[in-house]
>>> print(open('data_36.cif').read())   # mmCIF, C-alpha atoms
data_target
#
loop_
_atom_site.label_atom_id
_atom_site.label_comp_id
_atom_site.auth_asym_id
_atom_site.auth_seq_id
_atom_site.Cartn_x
_atom_site.Cartn_y
_atom_site.Cartn_z
CA MET A 209 -241.97 -118.10 42.01
CA ARG A 210 -241.42 -119.71 45.38
CA LEU A 211 -243.31 -122.77 46.49
CA ALA A 212 -246.40 -121.89 48.53
CA VAL A 213 -247.70 -123.97 51.41
CA GLU A 214 -250.44 -126.34 50.24
CA HIS A 215 -251.98 -126.79 53.69
CA PRO A 216 -251.08 -123.67 55.70
CA ASN A 217 -253.38 -124.65 58.58
CA LYS A 218 -252.06 -128.20 59.02
CA LEU A 219 -250.47 -128.17 62.46
CA THR A 220 -248.07 -130.53 64.23
CA LEU A 221 -247.81 -130.68 68.03
CA ILE A 222 -244.12 -130.29 68.82
CA THR A 223 -241.88 -128.45 71.27
CA GLY A 224 -239.87 -125.38 70.42
CA ALA A 225 -236.70 -127.49 70.49
CA GLU A 226 -238.24 -129.94 68.03
CA ALA A 227 -239.39 -127.04 65.86
CA ALA A 228 -235.83 -125.71 65.67
CA ALA A 229 -234.57 -129.21 64.85
CA HIS A 230 -237.11 -129.54 62.04
CA ALA A 231 -235.88 -126.25 60.59
CA MET A 232 -232.32 -127.55 60.78
CA ARG A 233 -233.35 -130.79 59.08
CA GLN A 234 -235.00 -128.90 56.24
CA ILE A 235 -232.07 -126.52 55.83
CA ASN A 236 -229.72 -129.55 55.92
CA PRO A 237 -226.48 -127.81 56.89
CA ASP A 238 -223.19 -129.40 55.85
CA VAL A 239 -221.67 -129.38 59.33
CA VAL A 240 -223.14 -129.18 62.85
CA PRO A 241 -220.53 -129.14 65.65
CA VAL A 242 -222.26 -129.56 69.04
CA TYR A 243 -221.86 -130.09 72.75
CA PRO A 244 -224.91 -130.80 74.95
CA ILE A 245 -226.26 -128.43 77.60
CA THR A 246 -229.69 -128.00 79.17
CA PRO A 247 -232.10 -126.76 77.79
CA GLN A 248 -230.50 -126.81 74.33
CA THR A 249 -229.96 -130.58 74.32
CA PRO A 250 -233.33 -131.67 72.82
CA ILE A 251 -232.67 -129.48 69.78
CA ILE A 252 -229.60 -131.52 68.90
CA GLU A 253 -231.04 -134.84 70.15
CA THR A 254 -233.96 -134.43 67.75
CA PHE A 255 -231.73 -133.28 64.91
CA ALA A 256 -229.30 -136.16 65.49
CA GLN A 257 -232.21 -138.58 65.20
CA PHE A 258 -233.16 -137.02 61.87
CA VAL A 259 -229.59 -137.57 60.65
CA ALA A 260 -229.57 -141.16 61.95
CA ASP A 261 -232.87 -141.82 60.18
CA GLY A 262 -231.46 -140.51 56.90
CA ARG A 263 -233.82 -137.54 56.73
CA CYS A 264 -230.84 -135.22 56.23
CA ASP A 265 -227.15 -135.83 55.66
CA SER A 266 -225.43 -133.25 57.86
CA GLU A 267 -222.10 -134.09 59.44
CA ILE A 268 -222.55 -133.88 63.22
CA ILE A 269 -219.27 -133.34 65.06
CA ASN A 270 -219.36 -134.22 68.76
CA VAL A 271 -216.71 -132.14 70.51
CA GLU A 272 -215.44 -131.79 74.05
CA SER A 273 -216.80 -128.33 74.82
CA GLU A 274 -218.77 -125.40 73.43
CA HIS A 275 -215.50 -123.56 72.84
CA SER A 276 -214.50 -126.42 70.56
CA ALA A 277 -217.95 -126.50 68.95
CA MET A 278 -217.69 -122.88 67.86
CA SER A 279 -214.06 -123.34 66.83
CA ALA A 280 -215.06 -126.24 64.60
CA ALA A 281 -217.97 -124.17 63.27
CA VAL A 282 -215.61 -121.36 62.26
CA GLY A 283 -213.20 -123.79 60.59
CA ALA A 284 -215.98 -125.48 58.65
CA SER A 285 -217.54 -122.17 57.64
CA CYS A 286 -214.23 -120.80 56.39
CA ALA A 287 -213.73 -124.00 54.41
CA GLY A 288 -216.99 -123.23 52.59
CA ALA A 289 -219.58 -125.27 54.48
CA ARG A 290 -223.06 -124.24 55.60
CA VAL A 291 -222.85 -124.49 59.39
CA MET A 292 -225.33 -124.50 62.27
CA THR A 293 -224.97 -125.18 65.99
CA ALA A 294 -226.88 -124.75 69.24
CA THR A 295 -226.09 -123.82 72.82
CA SER A 296 -227.32 -122.26 76.04
CA SER A 297 -226.20 -120.39 79.17
CA GLN A 298 -222.70 -121.44 80.32
CA GLY A 299 -222.24 -123.09 76.95
CA LEU A 300 -222.69 -119.76 75.21
CA ALA A 301 -220.38 -118.18 77.79
CA LEU A 302 -217.66 -120.71 76.95
CA MET A 303 -218.37 -120.29 73.25
CA LEU A 304 -218.34 -116.50 73.36
CA GLU A 305 -214.62 -116.00 72.69
CA ILE A 306 -215.05 -117.74 69.34
CA VAL A 307 -218.43 -116.12 68.62
CA TYR A 308 -216.61 -112.78 68.47
CA ILE A 309 -214.09 -114.34 66.09
CA ALA A 310 -216.84 -115.88 63.94
CA ALA A 311 -218.45 -112.47 63.54
CA ALA A 312 -215.15 -110.79 62.75
CA MET A 313 -214.28 -113.47 60.17
CA ARG A 314 -217.76 -113.02 58.64
CA CYS A 315 -218.88 -116.62 59.14
CA PRO A 316 -222.66 -116.95 58.52
CA ILE A 317 -223.25 -119.54 61.24
CA VAL A 318 -226.78 -119.94 62.63
CA ILE A 319 -226.82 -120.56 66.38
CA ALA A 320 -229.96 -121.83 68.11
CA VAL A 321 -229.99 -120.66 71.74
CA GLY A 322 -232.19 -122.04 74.50
CA SER A 323 -232.09 -118.94 76.70
CA ARG A 324 -231.10 -119.80 80.26
CA ALA A 325 -229.78 -118.06 83.37
CA LEU A 326 -226.03 -117.78 83.86
CA SER A 327 -224.30 -119.17 86.93
CA GLY A 328 -223.86 -118.54 89.72
CA PRO A 329 -225.57 -119.83 91.63
CA ILE A 330 -226.22 -122.57 89.10
CA ASN A 331 -229.70 -122.43 87.60
CA ILE A 332 -230.99 -124.28 84.54
CA HIS A 333 -234.12 -122.19 83.96
CA CYS A 334 -234.92 -119.30 81.68
CA ASP A 335 -233.79 -115.75 81.61
CA HIS A 336 -231.98 -113.70 78.99
CA SER A 337 -228.64 -113.17 80.70
CA ASP A 338 -226.86 -115.49 78.25
CA SER A 339 -228.29 -113.73 75.20
CA MET A 340 -227.56 -110.27 76.56
CA MET A 341 -224.02 -111.30 77.41
CA ALA A 342 -223.49 -111.86 73.68
CA ARG A 343 -225.27 -108.77 72.42
CA ASP A 344 -222.07 -106.94 71.42
CA ALA A 345 -220.37 -109.89 69.71
CA GLY A 346 -221.33 -108.68 66.24
CA CYS A 347 -224.14 -111.18 65.59
CA VAL A 348 -227.72 -110.69 64.53
CA GLN A 349 -230.01 -111.60 67.43
CA LEU A 350 -233.59 -112.78 66.87
CA PHE A 351 -236.04 -113.54 69.71
CA ALA A 352 -238.95 -115.99 69.34
CA GLU A 353 -242.16 -115.77 71.35
CA ASN A 354 -243.26 -119.36 70.76
CA ALA A 355 -242.41 -122.59 68.94
CA GLN A 356 -243.82 -121.33 65.63
CA GLU A 357 -241.58 -118.29 65.71
CA ALA A 358 -238.60 -120.41 66.76
CA TYR A 359 -239.14 -122.52 63.63
CA ASP A 360 -239.73 -119.57 61.30
CA LEU A 361 -236.82 -117.50 62.59
CA MET A 362 -234.37 -120.37 62.15
CA ILE A 363 -235.33 -120.55 58.48
CA ILE A 364 -235.32 -116.79 57.94
CA GLY A 365 -232.08 -116.53 59.91
CA GLN A 366 -230.28 -118.84 57.50
CA ARG A 367 -231.03 -116.60 54.51
CA LEU A 368 -230.21 -113.53 56.57
CA ALA A 369 -226.82 -114.83 57.71
CA GLU A 370 -225.75 -115.93 54.24
CA ASP A 371 -226.76 -112.77 52.38
CA ARG A 372 -223.51 -111.32 51.07
CA ARG A 373 -224.39 -107.91 52.44
CA VAL A 374 -224.47 -109.44 55.93
CA LEU A 375 -222.29 -112.57 56.39
CA VAL A 376 -222.33 -112.66 60.18
CA PRO A 377 -223.62 -115.26 62.66
CA VAL A 378 -227.33 -115.20 63.47
CA MET A 379 -228.48 -116.20 66.95
CA VAL A 380 -232.08 -117.42 67.26
CA MET A 381 -233.26 -117.28 70.87
CA GLN A 382 -236.12 -119.28 72.37
CA ASP A 383 -236.82 -119.30 76.10
CA GLY A 384 -235.42 -122.33 77.87
CA PHE A 385 -238.08 -124.83 79.00
CA THR A 386 -240.88 -122.31 78.43
CA ILE A 387 -240.47 -122.83 74.68
CA THR A 388 -237.79 -125.51 74.25
CA HIS A 389 -239.70 -128.13 76.26
CA SER A 390 -243.32 -127.01 75.81
CA ALA A 391 -245.43 -128.56 73.04
CA GLU A 392 -247.43 -126.22 70.83
CA PRO A 393 -249.14 -126.51 67.45
CA VAL A 394 -246.63 -125.56 64.73
CA ALA A 395 -247.26 -125.21 61.00
CA LEU A 396 -244.27 -126.89 59.34
CA LEU A 397 -243.46 -125.95 55.78
CA PRO A 398 -242.87 -128.53 53.04
CA ASP A 399 -239.24 -129.62 52.86
CA GLU A 400 -239.01 -128.52 49.22
CA ALA A 401 -240.29 -125.04 50.03
CA VAL A 402 -237.68 -124.51 52.74
CA LYS A 403 -234.94 -125.87 50.51
CA GLU A 404 -235.90 -123.44 47.78
CA PHE A 405 -236.22 -120.54 50.21
CA VAL A 406 -232.75 -120.93 51.74
CA GLY A 407 -231.13 -121.90 48.43
CA GLU A 408 -227.68 -123.33 47.91
CA TYR A 409 -224.88 -121.76 49.92
CA GLU A 410 -221.78 -120.59 48.09
CA ALA A 411 -219.00 -119.30 50.32
CA LEU A 412 -217.47 -116.05 49.17
CA TYR A 413 -213.83 -116.96 49.94
CA PRO A 414 -213.64 -120.69 50.77
CA LEU A 415 -210.28 -121.81 52.10
CA LEU A 416 -210.44 -124.97 49.98
CA ASP A 417 -210.47 -122.92 46.78
CA THR A 418 -206.72 -123.26 46.27
CA ASP A 419 -206.90 -121.55 42.88
CA HIS A 420 -207.85 -118.34 44.63
CA PRO A 421 -205.94 -118.32 47.94
CA THR A 422 -206.95 -115.89 50.68
CA THR A 423 -205.74 -115.01 54.14
CA GLN A 424 -208.14 -115.86 56.96
CA GLY A 425 -207.87 -114.73 60.57
CA PRO A 426 -204.65 -112.71 60.34
CA PHE A 427 -203.02 -110.70 63.07
CA VAL A 428 -204.18 -107.12 62.50
CA LEU A 429 -202.29 -104.12 63.83
CA PRO A 430 -203.76 -100.67 64.67
CA ASP A 431 -203.43 -99.48 61.05
CA TYR A 432 -206.38 -101.69 59.88
CA TYR A 433 -208.19 -103.09 62.93
CA PHE A 434 -210.47 -100.04 63.20
CA GLU A 435 -211.55 -100.30 59.55
CA LEU A 436 -212.39 -104.00 59.92
CA LYS A 437 -214.61 -103.24 62.91
CA ARG A 438 -216.35 -100.55 60.87
CA GLN A 439 -217.12 -103.14 58.20
CA GLN A 440 -218.86 -105.25 60.84
CA VAL A 441 -220.98 -102.22 61.71
CA ASP A 442 -222.00 -101.98 58.06
CA ALA A 443 -222.89 -105.69 58.02
CA LEU A 444 -225.25 -105.29 60.98
CA GLU A 445 -226.78 -102.21 59.37
CA ALA A 446 -227.32 -104.17 56.15
CA ALA A 447 -229.10 -106.86 58.17
CA ARG A 448 -231.97 -104.41 58.74
CA THR A 449 -232.53 -104.05 55.01
CA VAL A 450 -232.14 -107.76 54.30
CA TRP A 451 -234.55 -108.70 57.11
CA LEU A 452 -237.26 -106.52 55.57
CA GLU A 453 -236.59 -107.87 52.08
CA LEU A 454 -236.86 -111.47 53.26
CA GLN A 455 -240.30 -110.98 54.77
CA GLN A 456 -241.99 -110.75 51.37
CA ASP A 457 -240.46 -114.04 50.21
CA PHE A 458 -241.27 -115.74 53.50
CA ALA A 459 -244.85 -114.47 53.49
CA GLU A 460 -245.40 -115.72 49.95
CA MET A 461 -244.08 -119.15 50.92
CA SER A 462 -245.69 -119.57 54.33
CA GLY A 463 -248.63 -117.19 54.60
CA ARG A 464 -246.99 -115.80 57.76
CA ARG A 465 -245.64 -112.28 57.73
CA TYR A 466 -243.22 -110.68 60.18
CA GLU A 467 -244.12 -107.05 59.62
CA GLY A 468 -241.23 -104.73 60.34
CA PHE A 469 -238.80 -105.38 63.15
CA PHE A 470 -241.31 -106.02 65.91
CA GLU A 471 -244.87 -107.03 66.63
CA ALA A 472 -247.16 -104.21 67.74
CA TYR A 473 -250.08 -105.73 69.64
CA LYS A 474 -252.95 -103.27 70.19
CA LEU A 475 -250.31 -100.57 70.34
CA SER A 476 -251.43 -97.88 67.90
CA ASP A 477 -254.14 -96.33 70.15
CA ALA A 478 -252.61 -97.31 73.50
CA ASP A 479 -251.95 -94.82 76.29
CA TYR A 480 -249.62 -97.24 78.04
CA ALA A 481 -247.13 -99.59 76.39
CA LEU A 482 -245.09 -102.59 77.47
CA VAL A 483 -241.88 -103.63 75.71
CA ILE A 484 -241.13 -107.33 76.22
CA LEU A 485 -238.99 -109.95 74.47
CA SER A 486 -239.83 -113.58 73.77
CA SER A 487 -242.34 -115.84 75.57
CA THR A 488 -243.50 -113.38 78.23
CA ALA A 489 -244.94 -111.29 75.41
CA GLY A 490 -247.55 -114.02 74.99
CA THR A 491 -248.50 -113.74 78.66
CA ALA A 492 -248.70 -109.96 78.28
CA LYS A 493 -251.19 -110.31 75.41
CA VAL A 494 -253.57 -112.23 77.70
CA MET A 495 -253.34 -109.44 80.26
CA ILE A 496 -253.77 -106.73 77.62
CA ASP A 497 -256.96 -108.34 76.36
CA ARG A 498 -258.35 -108.40 79.91
CA LEU A 499 -257.47 -104.76 80.57
CA ARG A 500 -258.85 -103.67 77.20
CA ARG A 501 -262.22 -105.17 78.15
CA LYS A 502 -262.09 -102.95 81.23
CA GLY A 503 -261.38 -99.87 79.13
CA VAL A 504 -257.65 -99.58 79.87
CA LYS A 505 -255.81 -98.69 76.66
CA VAL A 506 -252.59 -100.66 76.90
CA GLY A 507 -250.50 -102.26 74.14
CA LEU A 508 -247.39 -104.32 73.57
CA LEU A 509 -244.23 -103.88 71.52
CA LYS A 510 -242.40 -107.21 71.07
CA PRO A 511 -239.08 -106.98 69.17
CA TRP A 512 -238.03 -109.83 66.90
CA LEU A 513 -234.70 -108.12 66.22
CA PHE A 514 -232.58 -107.07 69.17
CA ARG A 515 -229.38 -106.81 67.12
CA PRO A 516 -229.31 -104.78 65.00
CA PHE A 517 -231.51 -102.70 67.26
CA PRO A 518 -234.26 -100.87 65.29
CA ALA A 519 -234.04 -97.72 67.40
CA LYS A 520 -235.83 -95.23 65.15
CA GLU A 521 -238.72 -97.54 64.31
CA ILE A 522 -239.28 -98.49 67.94
CA ALA A 523 -239.17 -94.87 69.08
CA GLN A 524 -241.73 -93.91 66.46
CA ALA A 525 -244.01 -96.76 67.54
CA LEU A 526 -243.88 -95.50 71.13
CA GLU A 527 -244.53 -91.86 70.22
CA GLY A 528 -247.58 -90.34 71.90
CA LYS A 529 -247.76 -92.85 74.76
CA ARG A 530 -248.25 -91.54 78.28
CA ALA A 531 -245.89 -94.10 79.74
CA VAL A 532 -243.79 -97.04 78.57
CA ALA A 533 -242.54 -99.90 80.73
CA VAL A 534 -239.58 -101.94 79.49
CA LEU A 535 -239.40 -105.39 81.05
CA ASP A 536 -235.91 -106.88 81.05
CA ARG A 537 -235.29 -110.56 81.83
CA ALA A 538 -231.62 -109.88 82.50
CA LEU A 539 -229.55 -107.70 84.79
CA SER A 540 -226.79 -105.36 83.77
CA PHE A 541 -225.16 -105.03 87.17
CA GLY A 542 -224.53 -101.44 88.16
CA SER A 543 -226.80 -100.09 85.42
CA TRP A 544 -230.32 -100.35 84.01
CA GLY A 545 -231.71 -103.31 82.12
CA PRO A 546 -230.09 -104.00 78.72
CA MET A 547 -233.21 -103.43 76.63
CA TYR A 548 -234.24 -100.41 78.70
CA LEU A 549 -230.94 -98.73 77.86
CA GLU A 550 -231.63 -99.25 74.15
CA ILE A 551 -235.21 -97.96 74.39
CA SER A 552 -234.14 -94.96 76.46
CA ALA A 553 -231.45 -94.03 73.94
CA ALA A 554 -233.90 -94.45 71.05
CA ILE A 555 -236.56 -92.26 72.64
CA GLY A 556 -233.98 -89.65 73.62
CA ARG A 557 -232.65 -89.44 70.08
CA TYR A 558 -235.82 -89.57 68.00
CA LEU A 559 -238.70 -88.17 70.07
CA ARG A 560 -239.26 -84.58 71.18
CA GLU A 561 -242.28 -85.42 73.31
CA LYS A 562 -241.08 -88.29 75.44
CA PRO A 563 -243.28 -90.75 77.34
CA VAL A 564 -242.50 -91.51 80.97
CA LEU A 565 -240.16 -94.50 80.83
CA TYR A 566 -240.06 -97.29 83.41
CA ASN A 567 -237.70 -100.25 83.78
CA TYR A 568 -238.63 -103.54 85.41
CA ILE A 569 -236.40 -106.56 85.96
CA TYR A 570 -238.43 -109.77 85.99
CA GLY A 571 -238.32 -113.54 85.64
CA LEU A 572 -234.67 -114.15 86.58
CA GLY A 573 -233.78 -117.81 86.96
CA GLY A 574 -237.16 -118.86 85.60
CA ARG A 575 -239.28 -116.95 88.15
CA ASP A 576 -242.93 -117.17 87.09
CA THR A 577 -244.49 -113.99 85.71
CA PRO A 578 -248.28 -114.47 85.50
CA PRO A 579 -250.67 -112.01 83.82
CA ASP A 580 -251.70 -110.38 87.11
CA LEU A 581 -248.09 -109.50 87.86
CA ILE A 582 -247.71 -107.85 84.46
CA ALA A 583 -251.00 -106.03 85.05
CA SER A 584 -249.45 -104.51 88.18
CA VAL A 585 -246.95 -102.74 85.91
CA VAL A 586 -249.82 -101.01 84.14
CA THR A 587 -251.27 -100.03 87.52
CA ASP A 588 -247.89 -98.58 88.46
CA MET A 589 -247.83 -96.48 85.29
CA GLN A 590 -251.36 -95.24 85.89
CA SER A 591 -250.48 -94.23 89.46
CA GLU A 592 -247.31 -92.47 88.24
CA LEU A 593 -244.86 -94.57 90.24
CA ASP A 594 -241.35 -93.12 90.45
CA PRO A 595 -239.70 -93.78 87.05
CA THR A 596 -236.21 -92.86 88.27
CA VAL A 597 -235.92 -96.10 90.23
CA LEU A 598 -235.15 -99.53 88.81
CA HIS A 599 -238.10 -101.76 89.72
CA TYR A 600 -238.13 -105.51 90.35
CA LEU A 601 -241.22 -107.50 89.41
CA GLY A 602 -242.20 -110.42 91.62
CA LEU A 603 -239.17 -110.11 93.88
CA ARG A 604 -239.27 -110.80 97.63
CA GLU A 605 -237.56 -107.67 98.92
#
>>> encode(input="data_36.cif", output="structure tokens")
Amino acid sequence: MRLAVEHPNKLTLITGAEAAAHAMRQINPDVVPVYPITPQTPIIETFAQFVADGRCDSEIINVESEHSAMSAAVGASCAGARVMTATSSQGLALMLEIVYIAAAMRCPIVIAVGSRALSGPINIHCDHSDSMMARDAGCVQLFAENAQEAYDLMIIGQRLAEDRRVLVPVMVMQDGFTITHSAEPVALLPDEAVKEFVGEYEALYPLLDTDHPTTQGPFVLPDYYFELKRQQVDALEAARTVWLELQQDFAEMSGRRYEGFFEAYKLSDADYALVILSSTAGTAKVMIDRLRRKGVKVGLLKPWLFRPFPAKEIAQALEGKRAVAVLDRALSFGSWGPMYLEISAAIGRYLREKPVLYNYIYGLGGRDTPPDLIASVVTDMQSELDPTVLHYLGLRE
């Protein structure tokens, strides 16, 4: 029986970055290689203070770049250590070469990401271009709406990464500044409960086990490369099953349940649906409540998992809607928005009666997206705006 929370309503006012750092402290990884970048920096600053204060005994390795941080993370993970790190934007871009390698070498590294726009021009504010850049690296990707989810998903992500059916990196995204630097009430779990939930990590093939030598990171020719990539596909598929299994344990411990792969907010009877990742989903809920009071039946689908993408489940949740608008906070130049492409493929594969599907790009570089602007999307769907055109929300044309 797992430890339950004694005071589930006891809240602490902390930022999303601090929430992620608390999760790291409670997980107490063996090694944390890091390099600072805005808006990730307060995650590691807070965690480093915990280490300095003796509240955990992780080995923090200060390196000269994010490329080196991920390289050190892979080395430590292959040696048998539990490893976590954090990054953002250009840091993730520099790290990405090794992220692909970490996934291929089946290193269960948890990466906290403060989502931020990619250069250029240089911009330190939030969008999801960094996260979407990494979507095909072979990692699990989890998106948090608020500081509470950032905390919870870091803890769940550790178990998910280290499950032997999965063994791939897990990226936990929280919106830069909007979540990383904004203080919210967060229900922290007891240290003992988190420790019991994540358990002790035992590497499957640690390099330091000299009695059972293995080959790590070999050069692979065409006769086996394809099969190794197929195994990574199986790992991401297994992550769906493991995610669902973990929710029961987490709910028993915390009293908080992440039902399925996404949150459905007033969606079941909705005529119109919005699909939104991360913090803007919270803004959309405010708008939905307002429109519901006016008799407009609109709902929200907010994915927690973006990789692996729960295509069938999302399509089924959107079945019977008149229209669906997918709001992407990232561009895929020369194409549609990244999440729109996933939703479109899911609907095309699993639904016979298809809703009208819209795509909106919004919030790039931290552009504000207030409730009234999101409400205009619902108005567009009601007025049957042209769905064959990519729309831009809040842009000065």
>>> residues_around(input="data_36.cif", residues="stretch 286-298 of chain A", least_positions_apart="6", cutoff="7 Å", atoms="all atoms listed in the file", output="list in words")
Pro237, Asp238, Val239, Val240, Pro241, Val242, Ile245, Thr246, Pro247, Gln248, Cys315, Ile317, Val318, Ile319, Ala320, Val321, Gly322, Ser323, Arg324, Ala325, Leu326, Asp338, Tyr409, Ala411, Pro414, Leu415 and Leu416 of chain A
>>> resolve_selection(input="data_36.cif", expression="the PyMOL selection byres ((chain A and resi 594-596) around 8)", output="list in words")
Val564, Leu565, Tyr566, Asn567, Glu592, Leu593, Val597 and Leu598 of chain A
>>> residues_around(input="data_36.cif", residues="stretch 385-393 of chain A", least_positions_apart="5", cutoff="7 Å", atoms="only C-alpha atoms", output="list in words")
Leu219, Thr220, Leu221, Ile222, Thr223, Gly224, Ala225, Pro247, Gly322, His333, Cys334, Asn354 and Ala355 of chain A
>>> closest_residue(input="data_36.cif", among="A:Lys529, A:Lys510, A:Lys502, A:Lys493", to="A:Gly468", atoms="all atoms listed in the file")
A:Lys510
>>> resolve_selection(input="data_36.cif", expression="the PyMOL selection byres ((chain A and resi 376) around 7)", output="number ranges by chain")
A: 311, 314-316, 347, 369, 374-375, 377-378
>>> resolve_selection(input="data_36.cif", expression="the PyMOL selection byres ((chain A and resi 262-277) around 9)", output="PyMOL selection string")
chain A and resi 233-244+255-261+278-282+293+295+298-306
>>> closest_residue(input="data_36.cif", among="A:Pro421, A:Pro546, A:Pro329, A:Gly573", to="A:Asp383", atoms="all atoms listed in the file")
A:Gly573
>>> residues_near_point(input="data_36.cif", point="(-228.0, -110.6, 84.1)", cutoff="8 Å", atoms="all atoms listed in the file", output="list in words")
Ala325, Leu326, His336, Ser337, Asp338, Met340, Met341, Arg537, Ala538, Leu539, Ser540, Phe541 and Leu572 of chain A
>>> residues_around(input="data_36.cif", residues="stretch 436-449 of chain A", least_positions_apart="6", cutoff="7 Å", atoms="only C-alpha atoms", output="compact mmCIF listing (two decimals) with C-alpha atoms, in the coordinates of the input")
# COMPACT_ATOMS: atom_id res chain seq x y z
CA ALA A 312 -215.15 -110.79 62.75
CA GLY A 346 -221.33 -108.68 66.24
CA VAL A 348 -227.72 -110.69 64.53
CA LEU A 368 -230.21 -113.53 56.57
CA ARG A 373 -224.39 -107.91 52.44
CA VAL A 374 -224.47 -109.44 55.93
CA PRO A 516 -229.31 -104.78 65.00
>>> axis_aligned_box(input="data_36.cif", around="stretch 426-434 of chain A", padding_each_side="4 Å", output="JSON")
{"center_x": -206.4, "center_y": -106.1, "center_z": 62.3, "size_x": 16.2, "size_y": 21.2, "size_z": 12.8}
>>> atom_distance(input="data_36.cif", atom1="atom CA of A:Gly463", atom2="atom CA of A:Glu410")
27.8 Å
>>> atom_distance(input="data_36.cif", atom1="atom CA of A:Val506", atom2="atom CA of A:Ala531")
9.8 Å
